[in-house]
file entry_2.txt (compact mmCIF, C-alpha atoms)
# COMPACT_ATOMS: atom_id res chain seq x y z
CA MET A 1 -0.74 35.67 18.26
CA LEU A 2 0.65 32.71 16.32
CA THR A 3 1.37 30.80 19.51
CA SER A 4 -2.19 31.20 20.74
CA HIS A 5 -3.50 29.93 17.41
CA LEU A 6 -1.20 26.90 17.62
CA ALA A 7 -2.43 26.12 21.12
CA ALA A 8 -6.07 26.47 20.04
CA PHE A 9 -5.42 24.27 16.99
CA GLY A 10 -3.87 21.64 19.21
CA VAL A 11 -7.00 21.53 21.38
CA TRP A 12 -9.27 21.41 18.32
CA LEU A 13 -7.23 18.50 16.94
CA THR A 14 -8.04 16.29 19.93
CA TYR A 15 -11.11 14.54 18.53
CA PRO A 16 -10.00 14.29 14.86
CA SER A 17 -6.59 12.85 15.79
CA CYS A 18 -8.13 10.33 18.17
CA LEU A 19 -10.66 9.30 15.51
CA CYS A 20 -7.93 8.86 12.90
CA LEU A 21 -5.87 6.76 15.29
CA CYS A 22 -8.82 4.50 16.14
CA LEU A 23 -9.74 4.04 12.47
CA ALA A 24 -6.13 3.17 11.61
CA VAL A 25 -6.05 0.61 14.42
CA LEU A 26 -9.26 -1.02 13.19
CA LEU A 27 -8.14 -1.08 9.54
CA ARG A 28 -4.80 -2.66 10.36
CA ALA A 29 -6.03 -5.07 13.04
CA ALA A 30 -6.36 -8.23 10.95
CA PRO A 31 -3.15 -7.85 8.85
CA SER A 32 -1.08 -6.84 11.89
CA LEU A 33 -2.27 -9.72 14.05
CA ARG A 34 -1.38 -12.17 11.28
CA ALA A 35 2.16 -10.79 10.95
CA THR A 36 4.37 -11.55 13.94
CA ASP A 37 6.73 -8.62 13.31
CA GLN A 38 3.83 -6.12 13.26
CA ARG A 39 1.98 -7.16 16.41
CA GLY A 40 4.12 -5.08 18.75
CA LEU A 41 3.67 -1.99 16.59
CA TRP A 42 -0.08 -2.49 16.38
CA LEU A 43 -0.33 -3.09 20.15
CA ALA A 44 1.67 0.09 20.81
CA VAL A 45 -0.63 2.19 18.66
CA THR A 46 -3.76 0.47 20.00
CA THR A 47 -2.90 1.06 23.65
CA ALA A 48 -1.87 4.64 22.89
CA GLY A 49 -5.25 5.09 21.21
CA GLY A 50 -6.99 3.61 24.25
CA ALA A 51 -5.23 6.05 26.57
CA MET A 52 -6.14 8.96 24.28
CA VAL A 53 -9.77 7.88 24.13
CA LEU A 54 -9.92 7.86 27.93
CA ASP A 55 -8.40 11.35 27.88
CA LEU A 56 -11.21 12.78 25.75
CA PRO A 57 -13.32 15.15 27.88
CA ALA A 58 -16.59 13.41 27.04
CA VAL A 59 -15.20 9.94 27.74
CA THR A 60 -13.43 11.09 30.90
CA GLY A 61 -16.64 12.58 32.24
CA PHE A 62 -18.62 9.44 31.50
CA ALA A 63 -15.96 7.15 33.01
CA THR A 64 -15.70 9.35 36.10
CA GLU A 65 -19.44 9.03 36.69
CA LEU A 66 -19.15 5.25 36.46
CA ALA A 67 -16.08 5.00 38.71
CA GLY A 68 -17.22 7.64 41.18
CA THR A 69 -13.81 9.33 41.20
CA SER A 70 -11.54 10.77 38.52
CA HIS A 71 -8.28 9.51 39.98
CA VAL A 72 -9.22 5.89 39.12
CA VAL A 73 -9.80 6.92 35.52
CA ASP A 74 -6.48 8.79 35.45
CA LEU A 75 -4.67 5.79 36.91
CA VAL A 76 -6.13 3.41 34.34
CA LYS A 77 -5.27 5.84 31.54
CA ASN A 78 -1.67 6.15 32.70
CA LEU A 79 -1.27 2.40 33.16
CA ILE A 80 -2.51 1.84 29.60
CA GLY A 81 0.04 4.41 28.47
CA VAL A 82 2.81 2.45 30.19
CA VAL A 83 1.68 -0.69 28.38
CA SER A 84 1.90 1.32 25.15
CA ALA A 85 5.46 2.33 26.01
CA GLY A 86 6.31 -1.31 26.67
CA ALA A 87 4.80 -2.32 23.34
CA VAL A 88 6.94 0.31 21.62
CA LEU A 89 10.07 -1.18 23.21
CA PHE A 90 8.89 -4.69 22.31
CA PHE A 91 8.42 -3.54 18.70
CA VAL A 92 11.86 -1.96 18.35
CA SER A 93 13.50 -4.98 19.98
CA THR A 94 12.03 -7.36 17.39
CA PRO A 95 14.96 -6.98 14.92
CA VAL A 96 17.34 -8.07 17.69
CA GLY A 97 15.36 -11.28 18.11
CA SER A 98 16.53 -11.84 21.67
CA ARG A 99 14.03 -13.83 23.70
CA ARG A 100 15.80 -12.87 26.93
CA LEU A 101 15.52 -9.16 26.07
CA GLN A 102 11.82 -9.41 25.36
CA VAL A 103 11.17 -11.33 28.59
CA GLY A 104 13.15 -8.70 30.46
CA LEU A 105 11.08 -5.93 28.88
CA CYS A 106 7.86 -7.63 29.92
CA GLY A 107 9.18 -7.96 33.46
CA ALA A 108 10.27 -4.31 33.58
CA ILE A 109 6.92 -3.04 32.33
CA GLY A 110 5.05 -5.29 34.75
CA THR A 111 7.17 -3.95 37.61
CA THR A 112 6.53 -0.35 36.51
CA LEU A 113 2.78 -0.96 36.44
CA LEU A 114 2.90 -2.44 39.93
CA VAL A 115 5.01 0.41 41.36
CA LEU A 116 2.81 3.10 39.82
CA THR A 117 -0.29 1.44 41.24
CA VAL A 118 1.29 1.23 44.70
CA LEU A 119 2.41 4.87 44.53
CA ASP A 120 -1.10 5.94 43.63
CA LEU A 121 -2.85 3.86 46.28
CA THR A 122 -0.47 4.88 49.06
CA ALA A 123 -0.52 8.59 48.23
CA PRO A 124 -2.64 11.05 50.21
CA ALA A 125 -6.25 11.39 49.07
CA HIS A 126 -6.40 13.08 45.68
CA ALA A 127 -9.18 13.78 43.22
CA SER A 128 -7.15 13.52 40.01
CA HIS A 129 -3.65 13.15 38.59
CA SER A 130 -1.76 16.30 37.66
CA ALA A 131 1.95 16.95 37.20
CA MET A 132 1.59 20.70 37.67
CA ALA A 133 -1.07 21.01 40.39
CA ALA A 134 -1.03 24.11 42.56
CA GLY A 135 -0.03 22.22 45.72
CA GLY A 136 2.52 19.99 43.96
CA PRO A 137 2.35 16.91 41.72
CA SER A 138 -0.62 14.66 42.36
CA PRO A 139 -0.58 11.85 43.48
CA SER A 140 3.17 12.31 44.15
CA PHE A 141 6.42 13.60 42.72
CA ALA A 142 7.85 10.05 42.49
CA TYR A 143 4.77 8.87 40.59
CA TRP A 144 5.18 11.48 37.84
CA VAL A 145 8.93 11.09 37.58
CA MET A 146 8.59 7.34 37.11
CA LEU A 147 5.69 7.63 34.65
CA ALA A 148 7.32 10.32 32.52
CA SER A 149 10.75 8.63 32.62
CA THR A 150 9.27 5.35 31.39
CA HIS A 151 7.65 7.04 28.42
CA LEU A 152 10.68 9.17 27.68
CA VAL A 153 13.08 6.22 27.66
CA ALA A 154 10.77 4.16 25.43
CA ASP A 155 10.19 7.06 23.04
CA CYS A 156 13.89 7.98 22.75
CA VAL A 157 14.88 4.38 22.06
CA CYS A 158 12.11 4.10 19.48
CA VAL A 159 13.17 7.29 17.68
CA VAL A 160 16.80 6.17 17.50
CA VAL A 161 15.95 2.67 16.24
CA CYS A 162 13.40 3.88 13.67
CA CYS A 163 15.80 6.50 12.31
CA TRP A 164 18.63 3.94 12.22
CA PHE A 165 16.67 1.47 10.12
CA GLY A 166 14.93 4.21 8.13
CA LEU A 167 18.31 5.42 6.86
CA ARG A 168 19.45 1.91 5.92
CA THR A 169 16.45 0.36 4.18
CA ASP A 170 15.99 0.56 0.42
CA VAL A 171 12.28 -0.23 0.68
CA ARG A 172 10.58 3.15 0.37
CA PRO A 173 7.25 2.25 2.04
CA LEU A 174 9.11 0.78 5.02
CA ALA A 175 11.36 3.85 5.26
CA ALA A 176 8.32 6.15 5.11
CA ALA A 177 6.54 4.19 7.86
CA LEU A 178 9.63 4.24 10.07
CA TRP A 179 10.17 7.97 9.66
CA LEU A 180 6.50 8.75 10.30
CA PHE A 181 6.47 6.57 13.39
CA ALA A 182 9.72 8.18 14.60
CA SER A 183 8.26 11.66 14.07
CA GLY A 184 5.12 10.81 16.02
CA THR A 185 7.17 9.25 18.79
CA ALA A 186 9.39 12.34 18.93
CA CYS A 187 6.28 14.46 19.52
CA ALA A 188 5.31 12.13 22.37
CA ALA A 189 8.85 12.36 23.76
CA LEU A 190 8.62 16.16 23.86
CA PHE A 191 5.25 15.87 25.60
CA TRP A 192 6.65 13.58 28.29
CA LEU A 193 9.80 15.69 28.62
CA GLY A 194 7.54 18.57 29.57
CA ARG A 195 5.71 16.34 32.03
CA LEU A 196 9.02 15.21 33.54
CA LEU A 197 10.34 18.75 33.91
CA GLY A 198 7.00 20.05 35.14
CA PRO A 199 7.39 18.95 38.79
CA MET A 200 10.99 20.27 38.89
CA LEU A 201 10.98 23.44 36.75
CA ASP A 202 8.50 26.10 35.79
CA VAL A 203 7.38 25.00 32.33
CA SER A 204 3.86 26.36 32.53
CA TRP A 205 4.60 28.38 29.37
CA ALA A 206 4.82 25.11 27.42
CA ALA A 207 1.67 23.50 28.85
CA PRO A 208 -0.71 25.00 26.20
CA TYR A 209 1.24 23.16 23.49
CA PHE A 210 1.06 19.74 25.12
CA PRO A 211 -2.27 18.85 23.41
CA LEU A 212 -0.77 19.77 20.02
CA LEU A 213 2.22 17.48 20.58
CA MET A 214 0.10 14.54 21.71
CA ASN A 215 -2.39 14.95 18.85
CA LEU A 216 0.36 15.23 16.24
CA HIS A 217 1.83 12.06 17.74
CA ALA A 218 -1.51 10.32 17.17
CA LEU A 219 -1.84 11.50 13.56
CA LEU A 220 1.72 10.58 12.62
CA ARG A 221 1.50 7.13 14.20
CA ALA A 222 -1.85 6.51 12.53
CA THR A 223 -0.32 7.46 9.18
CA ALA A 224 2.67 5.20 9.84
CA ILE A 225 0.64 2.06 10.39
CA LEU A 226 -1.53 2.89 7.37
CA VAL A 227 1.46 2.95 4.99
CA PRO A 228 1.05 -0.77 4.06
CA ALA A 229 -2.65 -0.19 3.39
CA ALA A 230 -1.81 2.85 1.27
CA VAL A 231 0.76 0.85 -0.70
CA ALA A 232 -1.75 -1.97 -1.25
CA LEU A 233 -4.40 0.55 -2.33
CA ALA A 234 -1.99 2.20 -4.78
CA ALA A 235 -1.06 -1.21 -6.21
CA GLY A 236 -4.73 -2.13 -6.51
CA LEU A 237 -5.54 1.11 -8.32
CA ALA A 238 -2.58 0.59 -10.66
CA ASP A 239 -3.74 -2.96 -11.42
CA ALA A 240 -7.30 -1.74 -12.00
CA ARG A 241 -6.01 0.94 -14.37
CA THR A 242 -3.93 -1.66 -16.22
CA ALA A 243 -6.91 -4.01 -16.52
CA TRP A 244 -9.11 -1.16 -17.74
CA ARG A 245 -6.59 -0.12 -20.41
CA LEU A 246 -6.01 -3.71 -21.55
CA TRP A 247 -9.69 -4.62 -21.71
CA PRO A 248 -10.36 -3.44 -25.32
CA LEU A 249 -7.35 -5.39 -26.63
CA TRP A 250 -8.26 -8.40 -24.49
CA HIS A 251 -11.88 -8.26 -25.69
CA GLU A 252 -10.83 -8.19 -29.35
CA LEU A 253 -8.38 -11.06 -29.04
CA VAL A 254 -10.47 -13.42 -26.91
CA GLY A 255 -13.35 -12.84 -29.29
CA ALA A 256 -11.25 -14.67 -31.87
CA VAL A 257 -9.69 -17.14 -29.41
CA PRO A 258 -12.38 -17.65 -26.73
CA HIS A 259 -10.88 -20.82 -25.27
CA VAL A 260 -8.05 -18.88 -23.57
CA VAL A 261 -10.52 -17.23 -21.15
CA LEU A 262 -10.62 -19.21 -17.90
CA THR A 263 -13.66 -17.46 -16.40
CA ARG A 264 -16.98 -16.16 -17.62
CA ARG A 265 -16.61 -12.94 -19.60
CA ARG A 266 -18.26 -9.77 -18.31
CA THR A 267 -18.64 -6.18 -19.39
CA ARG A 268 -15.71 -3.83 -18.91
CA LEU A 269 -17.18 -1.93 -15.95
CA LEU A 270 -18.71 -4.99 -14.27
CA GLU A 271 -15.46 -6.91 -14.46
CA LEU A 272 -13.64 -4.06 -12.77
CA LEU A 273 -16.22 -3.55 -10.03
CA TRP A 274 -17.06 -7.23 -9.51
CA PRO A 275 -14.21 -9.34 -10.91
CA PRO A 276 -14.71 -13.12 -11.18
CA ILE A 277 -11.28 -13.67 -9.59
CA PRO A 278 -9.43 -11.99 -6.70
CA ARG A 279 -8.97 -8.34 -7.61
CA ARG A 280 -5.19 -8.45 -7.15
CA LEU A 281 -4.98 -11.07 -9.92
CA LEU A 282 -7.22 -9.29 -12.45
CA ALA A 283 -4.49 -7.44 -14.36
CA TYR A 284 -2.19 -10.47 -14.23
CA ARG A 285 -4.94 -12.72 -15.62
CA LYS A 286 -5.54 -10.24 -18.45
CA LEU A 287 -1.84 -10.37 -19.33
CA ILE A 288 -1.83 -14.17 -19.37
CA GLU A 289 -4.97 -14.45 -21.50
CA ILE A 290 -3.75 -11.84 -23.98
CA ARG A 291 -0.46 -13.69 -24.30
CA ASP A 292 -2.26 -17.00 -24.84
CA ALA A 293 -4.47 -15.43 -27.51
CA MET A 294 -1.43 -13.94 -29.23
CA LEU A 295 0.30 -17.32 -29.23
CA GLU A 296 -2.67 -18.75 -31.09
CA LEU A 297 -3.04 -15.83 -33.51
CA ASP A 298 0.68 -16.05 -34.27
CA HIS A 299 -0.24 -19.06 -36.43
CA TYR A 300 -2.47 -16.88 -38.65
CA VAL A 301 0.14 -14.28 -39.64
CA GLN A 302 0.77 -14.51 -43.38
CA PRO A 303 4.31 -14.22 -44.77
CA GLY A 304 5.00 -10.81 -46.20
CA LEU A 305 2.44 -9.08 -43.97
CA ALA A 306 4.93 -7.38 -41.64
CA PRO A 307 6.80 -5.47 -44.39
CA LEU A 308 3.46 -4.15 -45.63
CA ALA A 309 2.60 -3.02 -42.11
CA ARG A 310 5.99 -1.32 -41.77
CA ALA A 311 5.55 0.47 -45.05
CA HIS A 312 2.13 1.64 -43.83
CA VAL A 313 3.47 2.91 -40.49
CA GLU A 314 6.77 4.51 -41.57
CA PRO A 315 5.24 7.65 -43.18
CA LEU A 316 3.49 8.48 -39.89
CA GLY A 317 6.77 9.52 -38.25
CA LEU A 318 6.16 7.70 -34.96
CA ALA A 319 8.75 7.13 -32.26
CA PRO A 320 10.53 3.74 -32.54
CA VAL A 321 8.58 2.12 -29.68
CA GLN A 322 5.27 3.45 -30.97
CA ALA A 323 6.10 2.46 -34.53
CA GLU A 324 6.95 -1.10 -33.51
CA ALA A 325 3.72 -1.34 -31.52
CA ALA A 326 1.75 0.00 -34.49
CA VAL A 327 3.33 -2.59 -36.81
CA LEU A 328 2.45 -5.39 -34.40
CA ALA A 329 -1.08 -4.02 -34.03
CA CYS A 330 -1.55 -4.03 -37.80
CA VAL A 331 -0.25 -7.60 -38.05
CA MET A 332 -2.43 -8.69 -35.14
CA LYS A 333 -5.57 -7.21 -36.65
CA GLU A 334 -4.96 -9.12 -39.85
CA ALA A 335 -4.22 -12.33 -37.94
CA ARG A 336 -7.48 -11.92 -35.99
CA ARG A 337 -9.39 -11.24 -39.23
CA ALA A 338 -7.86 -14.34 -40.80
CA LYS A 339 -8.85 -16.46 -37.80
CA LEU A 340 -12.43 -15.20 -37.77
CA SER A 341 -12.72 -15.57 -41.56
CA GLY A 342 -11.88 -19.24 -41.33
CA HIS A 343 -8.48 -19.15 -42.99
CA PRO A 344 -6.39 -22.26 -42.40
CA ARG A 345 -3.97 -22.35 -39.52
CA CYS A 346 -0.26 -22.06 -40.24
CA GLU A 347 1.70 -25.07 -39.06
CA LEU A 348 4.62 -22.86 -37.97
CA PRO A 349 4.21 -19.53 -36.18
CA ALA A 350 5.20 -16.25 -37.77
CA GLU A 351 8.70 -16.36 -36.27
CA SER A 352 9.56 -19.17 -38.70
CA PHE A 353 9.47 -16.62 -41.54
CA GLY A 354 12.34 -14.65 -39.99
CA ARG A 355 12.25 -11.53 -37.88
CA GLU A 356 13.29 -9.33 -40.79
CA GLU A 357 10.18 -10.36 -42.70
CA SER A 358 7.51 -10.88 -40.02
CA PRO A 359 8.12 -10.21 -36.30
CA GLN A 360 6.34 -12.23 -33.69
CA LEU A 361 3.19 -10.90 -32.09
CA LEU A 362 4.69 -11.68 -28.70
CA PRO A 363 7.73 -9.66 -27.57
CA HIS A 364 11.11 -11.26 -28.03
CA GLN A 365 12.96 -12.72 -25.05
CA GLU A 366 15.21 -9.67 -24.67
CA GLN A 367 12.24 -7.26 -24.56
CA ALA A 368 9.77 -8.18 -21.83
CA THR A 369 11.71 -9.99 -19.14
CA THR A 370 9.73 -8.63 -16.19
CA LEU A 371 6.07 -8.26 -15.36
CA THR A 372 6.42 -4.48 -15.45
CA ALA A 373 7.99 -4.60 -18.91
CA GLU A 374 5.27 -6.96 -20.10
CA LYS A 375 2.57 -4.59 -18.84
CA ALA A 376 4.21 -1.64 -20.56
CA HIS A 377 4.54 -3.59 -23.81
CA LEU A 378 0.91 -4.73 -23.89
CA ILE A 379 -0.45 -1.33 -22.82
CA GLU A 380 1.44 0.28 -25.70
CA LEU A 381 0.13 -2.45 -27.97
CA ALA A 382 -3.44 -1.83 -26.79
CA ARG A 383 -3.05 1.86 -27.52
CA ALA A 384 -1.66 1.13 -30.98
CA TYR A 385 -4.41 -1.42 -31.69
CA ALA A 386 -7.07 1.28 -31.29
CA SER A 387 -5.07 3.95 -33.15
CA PRO A 388 -5.94 5.27 -36.64
CA ALA A 389 -2.75 3.70 -37.98
CA ALA A 390 -3.99 0.17 -37.19
CA ARG A 391 -7.59 0.88 -38.18
CA SER A 392 -6.58 2.21 -41.59
CA PHE A 393 -4.28 -0.69 -42.45
CA VAL A 394 -5.74 -2.67 -45.36
CA PRO A 395 -3.23 -5.06 -46.96
CA PRO A 396 -3.64 -6.29 -50.53
CA VAL A 397 -5.05 -9.73 -51.34
CA ARG A 398 -3.44 -12.37 -49.18
CA THR A 399 -0.84 -14.69 -50.62
CA ARG A 400 -0.19 -18.08 -49.18
CA THR A 401 2.90 -20.22 -48.98
CA PRO A 402 1.87 -23.90 -49.41
CA GLN A 403 4.65 -25.29 -47.23
CA HIS A 404 3.42 -23.27 -44.24
CA TRP A 405 -0.34 -23.20 -44.71
CA ASN A 406 -2.85 -26.05 -44.72
CA GLY A 407 -5.01 -26.05 -47.80

call {"tool": "encode", "arguments": {"input": "entry_2.txt", "output": "structure tokens"}}
result
Amino acid sequence: MLTSHLAAFGVWLTYPSCLCLCLAVLLRAAPSLRATDQRGLWLAVTTAGGAMVLDLPAVTGFATELAGTSHVVDLVKNLIGVVSAGAVLFFVSTPVGSRRLQVGLCGAIGTTLLVLTVLDLTAPAHASHSAMAAGGPSPSFAYWVMLASTHLVADCVCVVVCCWFGLRTDVRPLAAALWLFASGTACAALFWLGRLLGPMLDVSWAAPYFPLLMNLHALLRATAILVPAAVALAAGLADARTAWRLWPLWHELVGAVPHVVLTRRRTRLLELLWPPIPRRLLAYRKLIEIRDAMLELDHYVQPGLAPLARAHVEPLGLAPVQAEAAVLACVMKEARRAKLSGHPRCELPAESFGREESPQLLPHQEQATTLTAEKAHLIELARAYASPAARSFVPPVRTRTPQHWNG
């Protein structure tokens, strides 16, 4: 019962898998053609998709009407499949970097295409190609052995190479793509193993599962070539989330220091949906502009303000990281208020008063040494800036130190 359901599912998967493969090919066309090391992979998947499209019942029927005979359509489909196998070998040979090997592969695939065409044209009259026809393989036993062997060799080499590099790379997206591509190729290898054994052994029991193997091969290969797009999408969503979370803090600070903004300001939603700069730079630009604003506001931090902020935050029982962010948020709010109120600018930034008395608004050198750490620091600061602890901080009347403040 289960086996019949699997066979039926494999047949049902024909159109969805082919559609997914074609969409993946179209989405990855431009990036793959620009990258030399990805062209072979993209060509392998593209030609495999072309062969699968020709194998669709609706497309096969239409092409047969145009050609007048089905065996021409079958021949073209199989020749495209051989080109796909050659592209797979070309792709896995890229790390070797041998020009002689790649030229040899092109020559071997060209020879295979020529021999298969000759075997088809010189065979007795036949309506279509079939490895398990009632009267024997059509067009010939040699034709199917050569076709299946070519695919099987290419697929086995591909699986071994992909698994080899998949086990040795530390780049997770690359490892995922290699393992997915190896899994899809392994499905294709099983399919062609059945085709190779078909003319020699009775494997009719396995024939119902051939569509499932080929369609799983298409889905897994489509997923493999979409891994870079998925990684880019995930990075874009993470950057968008970062920009969204930083926007309130950015909006507050650039309101006091507008000259740090390099582009025209927009609303929060509009800037996310239609950014004035490339989307991949939006979060990075927010970080830079917030840092520039903090550098300016650092000159408006009064001496003695940080201890007051610490005394205000300590009773709240916050975790050390949250408490430090809350202290900085309180100090920043007061610096922003001083700037907007027209208080004179301090000649020396807050760090000149000593870290024990008044910490800098910007993180110290040992804190945010990477972009990831800087994002985490400013996101925590943005959260603290909007928290009740920062909103409720009201220091006493400001005192000024003449040697640091212009009067």

call {"tool": "closest_residue", "arguments": {"input": "entry_2.txt", "among": "A:Trp192, A:Trp179, A:Tyr15, A:Phe90", "to": "A:Val145", "atoms": "all atoms listed in the file"}}
result
A:Trp192

call {"tool": "closest_residue", "arguments": {"input": "entry_2.txt", "among": "A:Lys77, A:Arg168, A:Arg28, A:Arg221", "to": "A:Met52", "atoms": "all atoms listed in the file"}}
result
A:Lys77

call {"tool": "residues_around", "arguments": {"input": "entry_2.txt", "residues": "stretch 335-341 of chain A", "least_positions_apart": "5", "cutoff": "7 Å", "atoms": "only C-alpha atoms", "output": "list in words"}}
result
Ala256, Leu297, Tyr300 and Val301 of chain A

call {"tool": "closest_residue", "arguments": {"input": "entry_2.txt", "among": "A:Leu308, A:Leu105, A:Val76, A:Val88", "to": "A:Ala63", "atoms": "only C-alpha atoms"}}
result
A:Val76

call {"tool": "closest_residue", "arguments": {"input": "entry_2.txt", "among": "A:Ala85, A:Val254, A:Ala238, A:Ala67", "to": "A:Val45", "atoms": "all atoms listed in the file"}}
result
A:Ala85

call {"tool": "residues_around", "arguments": {"input": "entry_2.txt", "residues": "A:Val321", "least_positions_apart": "2", "cutoff": "10 Å", "atoms": "all atoms listed in the file", "output": "PyMOL selection string"}}
result
chain A and resi 318-319+323-326+377+380-381

call {"tool": "residues_around", "arguments": {"input": "entry_2.txt", "residues": "A:Gly236", "least_positions_apart": "6", "cutoff": "10 Å", "atoms": "all atoms listed in the file", "output": "PyMOL selection string"}}
result
chain A and resi 230+242+279-283

call {"tool": "closest_residue", "arguments": {"input": "entry_2.txt", "among": "A:Leu114, A:Leu237, A:Leu262, A:Leu216", "to": "A:Gly10", "atoms": "only C-alpha atoms"}}
result
A:Leu216

call {"tool": "residues_around", "arguments": {"input": "entry_2.txt", "residues": "stretch 53-62 of chain A", "least_positions_apart": "3", "cutoff": "10 Å", "atoms": "all atoms listed in the file", "output": "ChimeraX atom specification"}}
result
/A:14-15,18-19,21-22,47-50,65-70,73-74,76-78,80

call {"tool": "closest_residue", "arguments": {"input": "entry_2.txt", "among": "A:Leu89, A:Ala386, A:Leu23, A:Ala329", "to": "A:Gly104", "atoms": "all atoms listed in the file"}}
result
A:Leu89

call {"tool": "atom_distance", "arguments": {"input": "entry_2.txt", "atom1": "atom CA of A:Ala148", "atom2": "atom CA of A:Met200"}}
result
12.4 Å

call {"tool": "atom_distance", "arguments": {"input": "entry_2.txt", "atom1": "atom CA of A:His71", "atom2": "atom CA of A:Leu147"}}
result
15.1 Å

call {"tool": "atom_distance", "arguments": {"input": "entry_2.txt", "atom1": "atom CA of A:Ile225", "atom2": "atom CA of A:Cys163"}}
result
15.9 Å

call {"tool": "residues_near_point", "arguments": {"input": "entry_2.txt", "point": "(-13.8, -15.0, -15.5)", "cutoff": "8 Å", "atoms": "all atoms listed in the file", "output": "PDB file with C-alpha atoms, keeping the file's coordinate frame"}}
result
ATOM      1  CA  VAL A 261     -10.520 -17.230 -21.150  1.00  0.00           C
ATOM      2  CA  LEU A 262     -10.620 -19.210 -17.900  1.00  0.00           C
ATOM      3  CA  THR A 263     -13.660 -17.460 -16.400  1.00  0.00           C
ATOM      4  CA  ARG A 264     -16.980 -16.160 -17.620  1.00  0.00           C
ATOM      5  CA  ARG A 265     -16.610 -12.940 -19.600  1.00  0.00           C
ATOM      6  CA  ARG A 266     -18.260  -9.770 -18.310  1.00  0.00           C
ATOM      7  CA  PRO A 275     -14.210  -9.340 -10.910  1.00  0.00           C
ATOM      8  CA  PRO A 276     -14.710 -13.120 -11.180  1.00  0.00           C
ATOM      9  CA  ILE A 277     -11.280 -13.670  -9.590  1.00  0.00           C
TER      10      ILE A 277
END

call {"tool": "residues_around", "arguments": {"input": "entry_2.txt", "residues": "A:Asp292", "least_positions_apart": "6", "cutoff": "10 Å", "atoms": "all atoms listed in the file", "output": "PyMOL selection string"}}
result
chain A and resi 253-254+257+259-261+286+298+362

call {"tool": "closest_atom_pairs", "arguments": {"input": "entry_2.txt", "of": "stretch 222-295 of chain A", "to": "stretch 30-44 of chain A", "cutoff": "10 Å", "atoms": "all atoms listed in the file", "output": "tab-separated table"}}
result
residue	atom	partner	partner_atom	distance
A:Ala222	CA	A:Trp42	CA	9.9
A:Ala224	CA	A:Leu41	CA	9.9
A:Ile225	CA	A:Trp42	CA	7.6
A:Pro228	CA	A:Pro31	CA	9.5
A:Ala229	CA	A:Pro31	CA	9.4

call {"tool": "axis_aligned_box", "arguments": {"input": "entry_2.txt", "around": "stretch 101-109 of chain A", "padding_each_side": "4 Å", "output": "AutoDock Vina command-line options"}}
result
--center_x 11.2 --center_y -7.2 --center_z 29.5 --size_x 16.6 --size_y 16.3 --size_z 16.2

call {"tool": "build_atoms", "arguments": {"input": "entry_2.txt", "residues": "stretch 294-305 of chain A", "atoms": "N, CA and C atoms", "output": "short mmCIF file (atom, residue, chain, number, x, y, z; two decimals), in the coordinates of the input"}}
result
data_model
loop_
_atom_site.label_atom_id
_atom_site.label_comp_id
_atom_site.auth_asym_id
_atom_site.auth_seq_id
_atom_site.Cartn_x
_atom_site.Cartn_y
_atom_site.Cartn_z
N MET A 294 -2.44 -14.32 -28.25
CA MET A 294 -1.43 -13.94 -29.23
C MET A 294 -0.63 -15.15 -29.71
N LEU A 295 -0.39 -16.09 -28.82
CA LEU A 295 0.30 -17.32 -29.23
C LEU A 295 -0.51 -18.06 -30.29
N GLU A 296 -1.82 -18.09 -30.11
CA GLU A 296 -2.67 -18.75 -31.09
C GLU A 296 -2.75 -17.96 -32.40
N LEU A 297 -2.93 -16.65 -32.30
CA LEU A 297 -3.04 -15.83 -33.51
C LEU A 297 -1.72 -15.75 -34.26
N ASP A 298 -0.63 -16.05 -33.61
CA ASP A 298 0.68 -16.05 -34.27
C ASP A 298 0.69 -17.04 -35.44
N HIS A 299 -0.17 -18.04 -35.37
CA HIS A 299 -0.24 -19.06 -36.43
C HIS A 299 -1.06 -18.58 -37.63
N TYR A 300 -1.64 -17.40 -37.56
CA TYR A 300 -2.47 -16.88 -38.65
C TYR A 300 -1.84 -15.66 -39.32
N VAL A 301 -0.58 -15.39 -39.01
CA VAL A 301 0.14 -14.28 -39.64
C VAL A 301 0.70 -14.77 -40.97
N GLN A 302 0.29 -14.11 -42.06
CA GLN A 302 0.77 -14.51 -43.38
C GLN A 302 2.18 -13.99 -43.64
N PRO A 303 2.98 -14.72 -44.38
CA PRO A 303 4.31 -14.22 -44.77
C PRO A 303 4.17 -12.99 -45.64
N GLY A 304 5.03 -12.05 -45.42
CA GLY A 304 5.00 -10.81 -46.20
C GLY A 304 4.09 -9.75 -45.63
N LEU A 305 3.38 -10.06 -44.54
CA LEU A 305 2.44 -9.08 -43.97
C LEU A 305 3.17 -7.99 -43.19
#
